[in-house]
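**Q** Take this structure, written in structure tokens, and hold onto it; I'll ask about it next.
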Amino acid sequence: MSASVALSAAKPSSPAATPMMAQYWSLKEKAGDCMLFYRMGDFFELFFDDAKAAAATLDIALTSRGEHDGQPVPMCGVPVHSAESYLARLIRAGHRVAIAEQVETPAEAKARGGSKALVARDIVRFVTAGTLTEEALLEGRSANRLAALAEVGSEGLVAIAAADISTGRFEVVAVPREAVDAELARLAPSELLVGEGAETLPAWGGVRQLVRRPQGDFASGPGQRRLEALFGVQTLDGFGQFSRGELAAMGAVAAYLDHVGTGGTVFLQPPVRHLASGRMAIDAATRESLELVRTMAGARDGSLLGTIDRTVTAAGARLLADDLASPLTDRDAILDRLDLVDALARDALWRGDLRATLRALPDAGRALGRLVAGRGGPRDLAQLRDALAGARMLRERLGRRPDLPPLLARLLPGLDGHGALVDELTRALIETPPVDAAQGGYVAEGYDHALDALRETARDGRKAIAALEADYRDRTGIASLKIRHNGVLGYHVEVPAKHADALMAPESGFTHRQTLAGVVRFNSSDLHDAASRVTQAGVHAIAAEAAHLEALTAAAVARREAIAASCDVLARLDVAAALADHAMSHNWCRPDLVDGPCLDVTGGRHPVVEAALAKSGERFVPNDVALSQADRLWLVTGPNMGGKSTFLRQNALIVVLAQAGGFVPASAVKLGLVDRLFSRVGASDNLARGRSTFMVEMVETAAILAQATPNSFVILDEVGRGTSTYDGLALAWAVVEAVHEVNQCRCLFATHYHELTRLAESLGALSLHHVRAREWQGDLVLLHELADGPADRSYGLAVARLAGVSPKVVKRAEAVLAKLEAGREKTGGLAAGLDDLPLFAATLAAEPEAAKDALRETLAGIDPDALTPREALDALYRLKQVEAGA
Ligand code: ADP
Ligand code: MG
């Protein structure tokens, strides 16, 4: 059907619908909540609300076509040949798109249904954030995951399956409900599937597309069968034992991939169970506040990852992100990684050589993903060839080294075994083949003699045509005669109009084809013969190449798991070399893993702050910390901007880096392995979050108190700050006591509540520290240096002056402060009486549970809506009585 067909008024179900509208609406219904790209000739057209939304997002013209219910139908369109870039923008803006293609030619339509027949169209594919494979639509250095959540009531766990179909990585994990957000934050899926009936949705806010799918997709039985079919196995047992929830989540991913690809193949490797047990537990709030792989604003730049990433391959960058997002707790596994980084750190030549080799390798993992998905081309095969050839070369070179670190020795064989495929691809393909196969020309000379012969014929034909041109010029005496080629006429003779008469003569041997303004075009039988030889040979050659492409693709796809494994090895080498390289150029050291809950850092630095300071030529002041069983809670006070937050975070980052298997920004580190890491930032300090936050802060703090073990590491930065002074101080006080007495974990606590320093008198494993500052000639100098003991004063006014508050205001504030301080002397001040508080543990023990329950019971019996004011007052008195124990 031509693009000029008018859309006329019709409702989806209206009998007056034109055939085309009926087709449009039935496709639109199939597309569900996706935008519909409706193929018309060289354009994808969008209509109605789709058109409005797309025109706004893409900033393209919104036009209209025909009418619907008496209103013009909004329409916009994008050219098919540049559709990818438009798709990318729509996906980024959170849309999903269904692509409806013409699935027969106009000629086929006519043959089927007569001259008026509408070309059949169908949705061939859905383009969604989590299911992309196109290079242009993906960000090379980040994983792109599609995840599904499933919960099987009786199991009490939520299963999360996550697939990156651009590389085939497929993992599944089952966690308690309260850990779902932490896992999602680690995986950071760009698209998340939940059941239609799912009542509670995850709180994690990073998902770009949340998609509800039919509940049936989440059934474990069919899910299992779907997976067995997908992997072509009788049973999944060979991959591991999966719970029903895990099968349901994985099955939902598989069902969705089936739906969006509408039956095409997708690349999934066998599922790997992510063992939360071998990993450091890091919840969503901690991840966010430490800015491990993304800043709070969502950028990679400025995060820990962005600052230290020196990987030279996209797959390496993706793996480094995974490593930092999920540090290990298994000592041997960490030591394995450290040994490899260490060996590479010591040998700069080797490291440089390895990195240069890796840098030249293409992203084979994603090329493989496209090939398996049926969207690959000659360029993808060449990328596999080059990457696997590089892997083989690396294997040989590395194998010759003495004293291989154990991890490397174990990894090396994984680079092997692709010799036959590489050789085949090398013989078959030219050096740099085109992305698109349509024009041919990518199969190398000498690979297929029949193909070579066809090309020879075509070449000869073209030579013959060139010879004909010379011959015709001679014979006709027209020097400006040319033989040209175009899509409509094919090869033809062209002369300026003024010379046309000679060729028009019947005996000239030329047949007239076309007269244009200045030129006239002819055909001749010799030319016709030569031209058909060229065209025939060309068509056959392209078909022959296509057959080779198919066979080579099949050969590569058959080895997909081994290829994916080699890609993983290359990525691991890249990460180790990158960490070593960064460590060496920044003077980082190898952490020493020790027993017991210890964190002993000499000369620690914050890599991101240090890098930011370095840009403006400023020096970062290194600081030490020494936490141990006996001195496990450091209370850090000192002026605003003094470096407290930086100090806390740098130590958390050192722990993350060390357990990810890398060197650390310090001159020496002794670390007892951390099982759970927590970081909390007081509400008012956490500007980027912009939520009403005191509540959030307390919920998150409660999670620490519930979960931290003696092997955990906690940093608390100005917790309790988000509320009035008294509440905040009281809460901070109680939290410090609880962490000290109950959790007994390593903890750094920064506070501006000077009063908290009194806790040192009652809590044995707590010690006081402060960031140093000095007043010099009326100005405050922040030294960013940690020292023992409490800060002697708060310097608040000096900071205000530093920040540019006008001298008049500061003067007035000084006067007010003097009054307040005088008042404190008299009354004992804010923290007066705190000394008399019983210890936290004592309160715990003495808690009058029974009385509390009686209180609850009474409370539960009151229905405020049913009370008169008088009754309400009575109820209040009753409550007071119960509370008093009467
Ligand atoms: P606080 O939490 O005490 O208010 P921050 O940790 O936020 O202070 O630090 C404030 C600023 O001081 C940082 O942005 C950084 O520029 C600088 N700073 C912090 N620590 C150091 C350090 N160790 N060396 C040099 N500059 C630092
Ligand atoms: Mg701070």
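Chain labels run A, B, ... following the order of the structure tokens; each chain numbers its residues from 1, and ligands are numbered from 1 in the order shown.
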Given a cut-off of 8 Å, what residues near ligand 2 show up using only C-alpha atoms and all ligand atoms, put as a list in words?

**A**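 So, counting only C-alpha atoms and all ligand atoms, the residues near ligand 2 are Asn640, Met641, Gly642, Gly643, Lys644, Ser645, Thr646, Asp685, Asp717, Glu718 and Ala750 of chain A.
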
**Q** Please check which protein, DNA or RNA residues sit within 10 Å of ligand 1, counting only C-alpha atoms and all ligand atoms, and write them as a PDB file with N, CA, C and O atoms, in the first residue's frame.

**A**
ATOM      1  N   GLY A 603      47.418   6.754  56.273  1.00  0.00           N
ATOM      2  CA  GLY A 603      47.482   7.651  55.109  1.00  0.00           C
ATOM      3  C   GLY A 603      46.355   7.418  54.117  1.00  0.00           C
ATOM      4  O   GLY A 603      46.579   7.412  52.906  1.00  0.00           O
ATOM      5  N   GLY A 604      45.131   7.247  54.612  1.00  0.00           N
ATOM      6  CA  GLY A 604      43.997   6.993  53.724  1.00  0.00           C
ATOM      7  C   GLY A 604      43.553   8.248  52.990  1.00  0.00           C
ATOM      8  O   GLY A 604      43.673   9.359  53.501  1.00  0.00           O
ATOM      9  N   ARG A 605      43.043   8.051  51.789  1.00  0.00           N
ATOM     10  CA  ARG A 605      42.583   9.190  50.984  1.00  0.00           C
ATOM     11  C   ARG A 605      41.249   8.860  50.326  1.00  0.00           C
ATOM     12  O   ARG A 605      40.909   7.703  50.144  1.00  0.00           O
ATOM     13  N   HIS A 606      40.536   9.902  49.956  1.00  0.00           N
ATOM     14  CA  HIS A 606      39.272   9.723  49.234  1.00  0.00           C
ATOM     15  C   HIS A 606      39.547   9.943  47.749  1.00  0.00           C
ATOM     16  O   HIS A 606      39.833  11.061  47.330  1.00  0.00           O
ATOM     17  N   VAL A 608      37.872  10.215  45.009  1.00  0.00           N
ATOM     18  CA  VAL A 608      37.108  11.165  44.202  1.00  0.00           C
ATOM     19  C   VAL A 608      37.400  12.606  44.631  1.00  0.00           C
ATOM     20  O   VAL A 608      37.657  13.474  43.790  1.00  0.00           O
ATOM     21  N   VAL A 609      37.410  12.830  45.955  1.00  0.00           N
ATOM     22  CA  VAL A 609      37.716  14.189  46.439  1.00  0.00           C
ATOM     23  C   VAL A 609      39.143  14.565  46.057  1.00  0.00           C
ATOM     24  O   VAL A 609      39.414  15.690  45.631  1.00  0.00           O
ATOM     25  N   GLU A 610      40.039  13.591  46.188  1.00  0.00           N
ATOM     26  CA  GLU A 610      41.433  13.873  45.842  1.00  0.00           C
ATOM     27  C   GLU A 610      41.566  14.274  44.373  1.00  0.00           C
ATOM     28  O   GLU A 610      42.267  15.243  44.043  1.00  0.00           O
ATOM     29  N   ALA A 612      39.269  15.591  42.523  1.00  0.00           N
ATOM     30  CA  ALA A 612      38.653  16.904  42.317  1.00  0.00           C
ATOM     31  C   ALA A 612      39.588  18.012  42.789  1.00  0.00           C
ATOM     32  O   ALA A 612      39.750  19.034  42.121  1.00  0.00           O
ATOM     33  N   LEU A 613      40.250  17.787  43.938  1.00  0.00           N
ATOM     34  CA  LEU A 613      41.183  18.796  44.450  1.00  0.00           C
ATOM     35  C   LEU A 613      42.374  18.951  43.516  1.00  0.00           C
ATOM     36  O   LEU A 613      42.851  20.060  43.272  1.00  0.00           O
ATOM     37  N   ALA A 614      42.836  17.809  42.993  1.00  0.00           N
ATOM     38  CA  ALA A 614      44.022  17.844  42.141  1.00  0.00           C
ATOM     39  C   ALA A 614      43.792  18.750  40.933  1.00  0.00           C
ATOM     40  O   ALA A 614      44.701  19.422  40.465  1.00  0.00           O
ATOM     41  N   GLU A 618      45.061  21.574  44.396  1.00  0.00           N
ATOM     42  CA  GLU A 618      45.120  21.477  45.857  1.00  0.00           C
ATOM     43  C   GLU A 618      45.509  20.080  46.293  1.00  0.00           C
ATOM     44  O   GLU A 618      45.302  19.108  45.581  1.00  0.00           O
ATOM     45  N   ARG A 619      46.034  20.027  47.518  1.00  0.00           N
ATOM     46  CA  ARG A 619      46.536  18.765  48.007  1.00  0.00           C
ATOM     47  C   ARG A 619      45.515  18.137  48.954  1.00  0.00           C
ATOM     48  O   ARG A 619      44.882  18.830  49.751  1.00  0.00           O
ATOM     49  N   PHE A 620      45.378  16.833  48.867  1.00  0.00           N
ATOM     50  CA  PHE A 620      44.501  16.115  49.781  1.00  0.00           C
ATOM     51  C   PHE A 620      45.312  15.726  51.010  1.00  0.00           C
ATOM     52  O   PHE A 620      46.427  15.236  50.892  1.00  0.00           O
ATOM     53  N   VAL A 621      44.742  15.930  52.188  1.00  0.00           N
ATOM     54  CA  VAL A 621      45.461  15.571  53.419  1.00  0.00           C
ATOM     55  C   VAL A 621      45.088  14.145  53.816  1.00  0.00           C
ATOM     56  O   VAL A 621      43.931  13.871  54.121  1.00  0.00           O
ATOM     57  N   PRO A 622      46.047  13.212  53.789  1.00  0.00           N
ATOM     58  CA  PRO A 622      45.743  11.823  54.143  1.00  0.00           C
ATOM     59  C   PRO A 622      45.454  11.707  55.639  1.00  0.00           C
ATOM     60  O   PRO A 622      45.974  12.476  56.442  1.00  0.00           O
ATOM     61  N   ASN A 623      44.599  10.772  56.002  1.00  0.00           N
ATOM     62  CA  ASN A 623      44.274  10.558  57.406  1.00  0.00           C
ATOM     63  C   ASN A 623      44.287   9.072  57.765  1.00  0.00           C
ATOM     64  O   ASN A 623      44.033   8.224  56.926  1.00  0.00           O
ATOM     65  N   VAL A 636      33.508  11.435  65.517  1.00  0.00           N
ATOM     66  CA  VAL A 636      34.308  12.491  64.891  1.00  0.00           C
ATOM     67  C   VAL A 636      33.550  13.818  64.938  1.00  0.00           C
ATOM     68  O   VAL A 636      32.448  13.918  64.404  1.00  0.00           O
ATOM     69  N   THR A 637      34.128  14.786  65.604  1.00  0.00           N
ATOM     70  CA  THR A 637      33.509  16.112  65.657  1.00  0.00           C
ATOM     71  C   THR A 637      34.421  17.113  64.958  1.00  0.00           C
ATOM     72  O   THR A 637      35.519  16.756  64.521  1.00  0.00           O
ATOM     73  N   GLY A 638      33.954  18.349  64.900  1.00  0.00           N
ATOM     74  CA  GLY A 638      34.785  19.373  64.272  1.00  0.00           C
ATOM     75  C   GLY A 638      33.934  20.247  63.397  1.00  0.00           C
ATOM     76  O   GLY A 638      32.763  19.943  63.138  1.00  0.00           O
ATOM     77  N   PRO A 639      34.505  21.359  62.932  1.00  0.00           N
ATOM     78  CA  PRO A 639      33.714  22.357  62.214  1.00  0.00           C
ATOM     79  C   PRO A 639      33.172  21.831  60.894  1.00  0.00           C
ATOM     80  O   PRO A 639      33.731  20.914  60.305  1.00  0.00           O
ATOM     81  N   ASN A 640      32.102  22.454  60.499  1.00  0.00           N
ATOM     82  CA  ASN A 640      31.554  22.252  59.178  1.00  0.00           C
ATOM     83  C   ASN A 640      32.630  22.446  58.127  1.00  0.00           C
ATOM     84  O   ASN A 640      33.473  23.304  58.290  1.00  0.00           O
ATOM     85  N   MET A 641      32.600  21.672  57.085  1.00  0.00           N
ATOM     86  CA  MET A 641      33.579  21.774  56.003  1.00  0.00           C
ATOM     87  C   MET A 641      34.965  21.322  56.455  1.00  0.00           C
ATOM     88  O   MET A 641      35.939  21.507  55.736  1.00  0.00           O
ATOM     89  N   GLY A 642      35.033  20.719  57.633  1.00  0.00           N
ATOM     90  CA  GLY A 642      36.339  20.345  58.152  1.00  0.00           C
ATOM     91  C   GLY A 642      36.864  19.044  57.573  1.00  0.00           C
ATOM     92  O   GLY A 642      38.028  18.687  57.765  1.00  0.00           O
ATOM     93  N   GLY A 643      36.009  18.258  56.900  1.00  0.00           N
ATOM     94  CA  GLY A 643      36.480  17.016  56.300  1.00  0.00           C
ATOM     95  C   GLY A 643      35.923  15.763  56.955  1.00  0.00           C
ATOM     96  O   GLY A 643      36.406  14.662  56.688  1.00  0.00           O
ATOM     97  N   LYS A 644      34.885  15.896  57.783  1.00  0.00           N
ATOM     98  CA  LYS A 644      34.334  14.722  58.471  1.00  0.00           C
ATOM     99  C   LYS A 644      33.711  13.734  57.489  1.00  0.00           C
ATOM    100  O   LYS A 644      34.009  12.535  57.508  1.00  0.00           O
ATOM    101  N   SER A 645      32.833  14.244  56.653  1.00  0.00           N
ATOM    102  CA  SER A 645      32.150  13.350  55.711  1.00  0.00           C
ATOM    103  C   SER A 645      33.158  12.647  54.804  1.00  0.00           C
ATOM    104  O   SER A 645      33.055  11.448  54.528  1.00  0.00           O
ATOM    105  N   THR A 646      34.114  13.407  54.349  1.00  0.00           N
ATOM    106  CA  THR A 646      35.129  12.847  53.456  1.00  0.00           C
ATOM    107  C   THR A 646      35.881  11.718  54.147  1.00  0.00           C
ATOM    108  O   THR A 646      36.104  10.652  53.564  1.00  0.00           O
ATOM    109  N   PHE A 647      36.243  11.956  55.403  1.00  0.00           N
ATOM    110  CA  PHE A 647      36.980  10.947  56.165  1.00  0.00           C
ATOM    111  C   PHE A 647      36.158   9.660  56.301  1.00  0.00           C
ATOM    112  O   PHE A 647      36.636   8.562  56.075  1.00  0.00           O
ATOM    113  N   LEU A 648      34.896   9.808  56.660  1.00  0.00           N
ATOM    114  CA  LEU A 648      34.040   8.631  56.816  1.00  0.00           C
ATOM    115  C   LEU A 648      33.968   7.830  55.517  1.00  0.00           C
ATOM    116  O   LEU A 648      34.169   6.623  55.473  1.00  0.00           O
ATOM    117  N   ARG A 649      33.660   8.550  54.446  1.00  0.00           N
ATOM    118  CA  ARG A 649      33.446   7.848  53.185  1.00  0.00           C
ATOM    119  C   ARG A 649      34.708   7.229  52.638  1.00  0.00           C
ATOM    120  O   ARG A 649      34.669   6.162  52.026  1.00  0.00           O
ATOM    121  N   GLN A 650      35.828   7.893  52.830  1.00  0.00           N
ATOM    122  CA  GLN A 650      37.046   7.319  52.250  1.00  0.00           C
ATOM    123  C   GLN A 650      37.306   5.954  52.860  1.00  0.00           C
ATOM    124  O   GLN A 650      37.767   5.044  52.181  1.00  0.00           O
ATOM    125  N   ASP A 685      21.896  16.903  55.318  1.00  0.00           N
ATOM    126  CA  ASP A 685      23.123  16.896  54.533  1.00  0.00           C
ATOM    127  C   ASP A 685      22.910  16.261  53.165  1.00  0.00           C
ATOM    128  O   ASP A 685      23.760  16.312  52.309  1.00  0.00           O
ATOM    129  N   ASP A 717      26.752   9.652  59.272  1.00  0.00           N
ATOM    130  CA  ASP A 717      27.204  11.014  59.053  1.00  0.00           C
ATOM    131  C   ASP A 717      26.106  11.981  59.448  1.00  0.00           C
ATOM    132  O   ASP A 717      25.123  12.141  58.732  1.00  0.00           O
ATOM    133  N   GLU A 718      26.259  12.587  60.607  1.00  0.00           N
ATOM    134  CA  GLU A 718      25.288  13.585  61.057  1.00  0.00           C
ATOM    135  C   GLU A 718      23.883  13.015  61.136  1.00  0.00           C
ATOM    136  O   GLU A 718      22.912  13.695  60.824  1.00  0.00           O
ATOM    137  N   ALA A 750      30.087  10.726  62.541  1.00  0.00           N
ATOM    138  CA  ALA A 750      30.410  12.153  62.515  1.00  0.00           C
ATOM    139  C   ALA A 750      29.224  12.925  63.048  1.00  0.00           C
ATOM    140  O   ALA A 750      28.080  12.618  62.721  1.00  0.00           O
ATOM    141  N   THR A 751      29.488  13.889  63.876  1.00  0.00           N
ATOM    142  CA  THR A 751      28.374  14.651  64.432  1.00  0.00           C
ATOM    143  C   THR A 751      28.808  16.071  64.741  1.00  0.00           C
ATOM    144  O   THR A 751      29.977  16.342  65.020  1.00  0.00           O
ATOM    145  N   HIS A 752      27.841  16.973  64.689  1.00  0.00           N
ATOM    146  CA  HIS A 752      28.137  18.320  65.140  1.00  0.00           C
ATOM    147  C   HIS A 752      27.586  18.507  66.551  1.00  0.00           C
ATOM    148  O   HIS A 752      27.680  19.581  67.113  1.00  0.00           O
ATOM    149  N   HIS A 770      38.616  14.456  66.212  1.00  0.00           N
ATOM    150  CA  HIS A 770      38.065  15.656  65.582  1.00  0.00           C
ATOM    151  C   HIS A 770      38.908  16.060  64.381  1.00  0.00           C
ATOM    152  O   HIS A 770      40.063  15.657  64.254  1.00  0.00           O
ATOM    153  N   VAL A 771      38.271  16.810  63.495  1.00  0.00           N
ATOM    154  CA  VAL A 771      39.036  17.369  62.383  1.00  0.00           C
ATOM    155  C   VAL A 771      39.558  18.725  62.836  1.00  0.00           C
ATOM    156  O   VAL A 771      38.820  19.527  63.408  1.00  0.00           O
ATOM    157  N   ARG A 772      40.819  18.964  62.584  1.00  0.00           N
ATOM    158  CA  ARG A 772      41.464  20.137  63.163  1.00  0.00           C
ATOM    159  C   ARG A 772      41.189  21.400  62.357  1.00  0.00           C
ATOM    160  O   ARG A 772      41.039  21.370  61.139  1.00  0.00           O
ATOM    161  N   LEU A 782      40.886  25.522  57.844  1.00  0.00           N
ATOM    162  CA  LEU A 782      40.510  24.118  58.027  1.00  0.00           C
ATOM    163  C   LEU A 782      41.686  23.256  57.600  1.00  0.00           C
ATOM    164  O   LEU A 782      42.161  23.361  56.472  1.00  0.00           O
ATOM    165  N   LEU A 783      42.148  22.420  58.505  1.00  0.00           N
ATOM    166  CA  LEU A 783      43.353  21.648  58.193  1.00  0.00           C
ATOM    167  C   LEU A 783      43.046  20.278  57.601  1.00  0.00           C
ATOM    168  O   LEU A 783      43.927  19.607  57.096  1.00  0.00           O
ATOM    169  N   HIS A 784      41.771  19.850  57.697  1.00  0.00           N
ATOM    170  CA  HIS A 784      41.359  18.543  57.163  1.00  0.00           C
ATOM    171  C   HIS A 784      42.194  17.409  57.725  1.00  0.00           C
ATOM    172  O   HIS A 784      42.432  16.414  57.053  1.00  0.00           O
ATOM    173  N   GLU A 785      42.612  17.612  58.960  1.00  0.00           N
ATOM    174  CA  GLU A 785      43.532  16.636  59.544  1.00  0.00           C
ATOM    175  C   GLU A 785      42.843  16.067  60.775  1.00  0.00           C
ATOM    176  O   GLU A 785      42.323  16.812  61.601  1.00  0.00           O
ATOM    177  N   LEU A 786      42.861  14.773  60.898  1.00  0.00           N
ATOM    178  CA  LEU A 786      42.177  14.152  62.019  1.00  0.00           C
ATOM    179  C   LEU A 786      43.098  14.111  63.231  1.00  0.00           C
ATOM    180  O   LEU A 786      44.286  13.817  63.100  1.00  0.00           O
TER     181      LEU A 786
END

**Q** When DSSP is applied to the backbone of this structure, which of stretch 338-495 of chain A are assigned helix (DSSP H, G or I)? Write them out as a PyMOL selection string.

**A** chain A and resi 338-346+348-359+364-372+378-399+406-415+419-428+449-476

**Q** Let's have the selection written as an mmCIF file, in the first residue's frame, with C-alpha atoms.

**A**
data_model
loop_
_atom_site.group_PDB
_atom_site.id
_atom_site.type_symbol
_atom_site.label_atom_id
_atom_site.label_comp_id
_atom_site.auth_asym_id
_atom_site.auth_seq_id
_atom_site.Cartn_x
_atom_site.Cartn_y
_atom_site.Cartn_z
ATOM 1 C CA LEU A 338 44.687 -9.227 44.603
ATOM 2 C CA ASP A 339 47.528 -11.534 43.557
ATOM 3 C CA LEU A 340 46.750 -10.892 39.919
ATOM 4 C CA VAL A 341 46.540 -7.118 40.408
ATOM 5 C CA ASP A 342 49.742 -7.270 42.425
ATOM 6 C CA ALA A 343 51.657 -9.153 39.717
ATOM 7 C CA LEU A 344 50.479 -6.657 37.118
ATOM 8 C CA ALA A 345 51.308 -3.742 39.398
ATOM 9 C CA ARG A 346 54.891 -4.903 39.787
ATOM 10 C CA ALA A 348 54.840 -2.145 34.209
ATOM 11 C CA LEU A 349 56.090 -3.478 30.875
ATOM 12 C CA TRP A 350 53.921 -6.536 31.009
ATOM 13 C CA ARG A 351 50.945 -4.475 32.092
ATOM 14 C CA GLY A 352 51.428 -1.956 29.294
ATOM 15 C CA ASP A 353 51.750 -4.699 26.759
ATOM 16 C CA LEU A 354 48.635 -6.489 27.975
ATOM 17 C CA ARG A 355 46.620 -3.300 28.001
ATOM 18 C CA ALA A 356 47.730 -2.367 24.500
ATOM 19 C CA THR A 357 46.634 -5.773 23.245
ATOM 20 C CA LEU A 358 43.293 -5.604 25.004
ATOM 21 C CA ARG A 359 42.674 -2.061 23.835
ATOM 22 C CA ALA A 364 33.048 -9.494 21.023
ATOM 23 C CA GLY A 365 30.450 -10.170 23.693
ATOM 24 C CA ARG A 366 27.966 -7.755 22.223
ATOM 25 C CA ALA A 367 28.803 -8.729 18.634
ATOM 26 C CA LEU A 368 27.930 -12.288 19.635
ATOM 27 C CA GLY A 369 24.704 -11.069 21.213
ATOM 28 C CA ARG A 370 23.639 -9.464 17.939
ATOM 29 C CA LEU A 371 24.581 -12.541 15.908
ATOM 30 C CA VAL A 372 22.569 -14.819 18.153
ATOM 31 C CA PRO A 378 29.558 -9.196 8.537
ATOM 32 C CA ARG A 379 31.071 -6.561 10.828
ATOM 33 C CA ASP A 380 30.029 -8.553 13.899
ATOM 34 C CA LEU A 381 31.686 -11.700 12.579
ATOM 35 C CA ALA A 382 34.863 -9.742 11.935
ATOM 36 C CA GLN A 383 34.740 -8.430 15.499
ATOM 37 C CA LEU A 384 34.522 -11.978 16.802
ATOM 38 C CA ARG A 385 37.389 -13.009 14.559
ATOM 39 C CA ASP A 386 39.631 -10.204 15.766
ATOM 40 C CA ALA A 387 38.750 -10.579 19.425
ATOM 41 C CA LEU A 388 39.223 -14.342 19.437
ATOM 42 C CA ALA A 389 42.457 -14.110 17.469
ATOM 43 C CA GLY A 390 43.651 -11.603 20.040
ATOM 44 C CA ALA A 391 42.627 -13.971 22.813
ATOM 45 C CA ARG A 392 44.627 -16.788 21.248
ATOM 46 C CA MET A 393 47.678 -14.584 20.951
ATOM 47 C CA LEU A 394 47.347 -13.465 24.549
ATOM 48 C CA ARG A 395 46.999 -17.047 25.682
ATOM 49 C CA GLU A 396 50.264 -17.952 23.999
ATOM 50 C CA ARG A 397 52.157 -14.961 25.313
ATOM 51 C CA LEU A 398 50.831 -15.248 28.867
ATOM 52 C CA GLY A 399 51.371 -18.999 28.911
ATOM 53 C CA PRO A 406 46.893 -18.761 40.350
ATOM 54 C CA LEU A 407 43.831 -16.914 39.081
ATOM 55 C CA LEU A 408 45.525 -16.225 35.766
ATOM 56 C CA ALA A 409 46.652 -19.833 35.442
ATOM 57 C CA ARG A 410 43.043 -20.907 35.948
ATOM 58 C CA LEU A 411 41.670 -18.342 33.490
ATOM 59 C CA LEU A 412 44.077 -18.924 30.608
ATOM 60 C CA PRO A 413 42.565 -22.116 29.196
ATOM 61 C CA GLY A 414 39.313 -20.207 28.808
ATOM 62 C CA LEU A 415 40.918 -18.188 26.019
ATOM 63 C CA GLY A 419 41.253 -21.828 16.471
ATOM 64 C CA ALA A 420 39.071 -23.432 13.816
ATOM 65 C CA LEU A 421 36.453 -20.687 13.939
ATOM 66 C CA VAL A 422 39.051 -17.919 13.826
ATOM 67 C CA ASP A 423 40.794 -19.542 10.879
ATOM 68 C CA GLU A 424 37.542 -19.958 9.030
ATOM 69 C CA LEU A 425 36.514 -16.344 9.646
ATOM 70 C CA THR A 426 39.959 -15.122 8.675
ATOM 71 C CA ARG A 427 39.820 -16.910 5.360
ATOM 72 C CA ALA A 428 36.210 -15.965 4.739
ATOM 73 C CA HIS A 449 35.974 -20.107 -6.239
ATOM 74 C CA ALA A 450 32.460 -19.993 -7.611
ATOM 75 C CA LEU A 451 31.993 -16.597 -6.006
ATOM 76 C CA ASP A 452 35.310 -15.420 -7.394
ATOM 77 C CA ALA A 453 34.184 -16.525 -10.864
ATOM 78 C CA LEU A 454 30.937 -14.564 -10.534
ATOM 79 C CA ARG A 455 32.865 -11.490 -9.512
ATOM 80 C CA GLU A 456 35.229 -12.031 -12.433
ATOM 81 C CA THR A 457 32.261 -12.149 -14.793
ATOM 82 C CA ALA A 458 30.880 -8.955 -13.352
ATOM 83 C CA ARG A 459 34.280 -7.294 -13.643
ATOM 84 C CA ASP A 460 34.665 -8.435 -17.231
ATOM 85 C CA GLY A 461 31.183 -7.185 -18.005
ATOM 86 C CA ARG A 462 32.025 -3.782 -16.577
ATOM 87 C CA LYS A 463 35.198 -3.736 -18.640
ATOM 88 C CA ALA A 464 33.182 -4.668 -21.729
ATOM 89 C CA ILE A 465 30.810 -1.781 -21.005
ATOM 90 C CA ALA A 466 33.709 0.622 -20.721
ATOM 91 C CA ALA A 467 35.023 -0.687 -24.031
ATOM 92 C CA LEU A 468 31.582 -0.247 -25.598
ATOM 93 C CA GLU A 469 31.510 3.372 -24.543
ATOM 94 C CA ALA A 470 34.820 4.046 -26.314
ATOM 95 C CA ASP A 471 33.615 2.140 -29.329
ATOM 96 C CA TYR A 472 30.306 4.092 -29.555
ATOM 97 C CA ARG A 473 32.136 7.405 -29.310
ATOM 98 C CA ASP A 474 34.340 6.386 -32.224
ATOM 99 C CA ARG A 475 31.453 5.139 -34.318
ATOM 100 C CA THR A 476 29.140 8.073 -33.746
#

**Q** Give me the residues near A:Ser628 as a count of residues only, where near means some atom within 7 Å (using only C-alpha atoms) and where sequence neighbours in that chain fewer than 4 positions away do not count.

**A** 4

**Q** Using Å and a single decimal, report how far atom CA of A:Leu157 sits from atom CA of A:Val674.

**A**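 Atom CA of A:Leu157 lies at a distance of 24.1 Å from atom CA of A:Val674.
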
**Q** Counting only C-alpha atoms, which of A:Ser762, A:Gln439, A:Ser166, A:Thr295 gets nearest to A:Gly538?

**A**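 The shortest atom-to-atom distance to A:Gly538 comes from A:Gln439.
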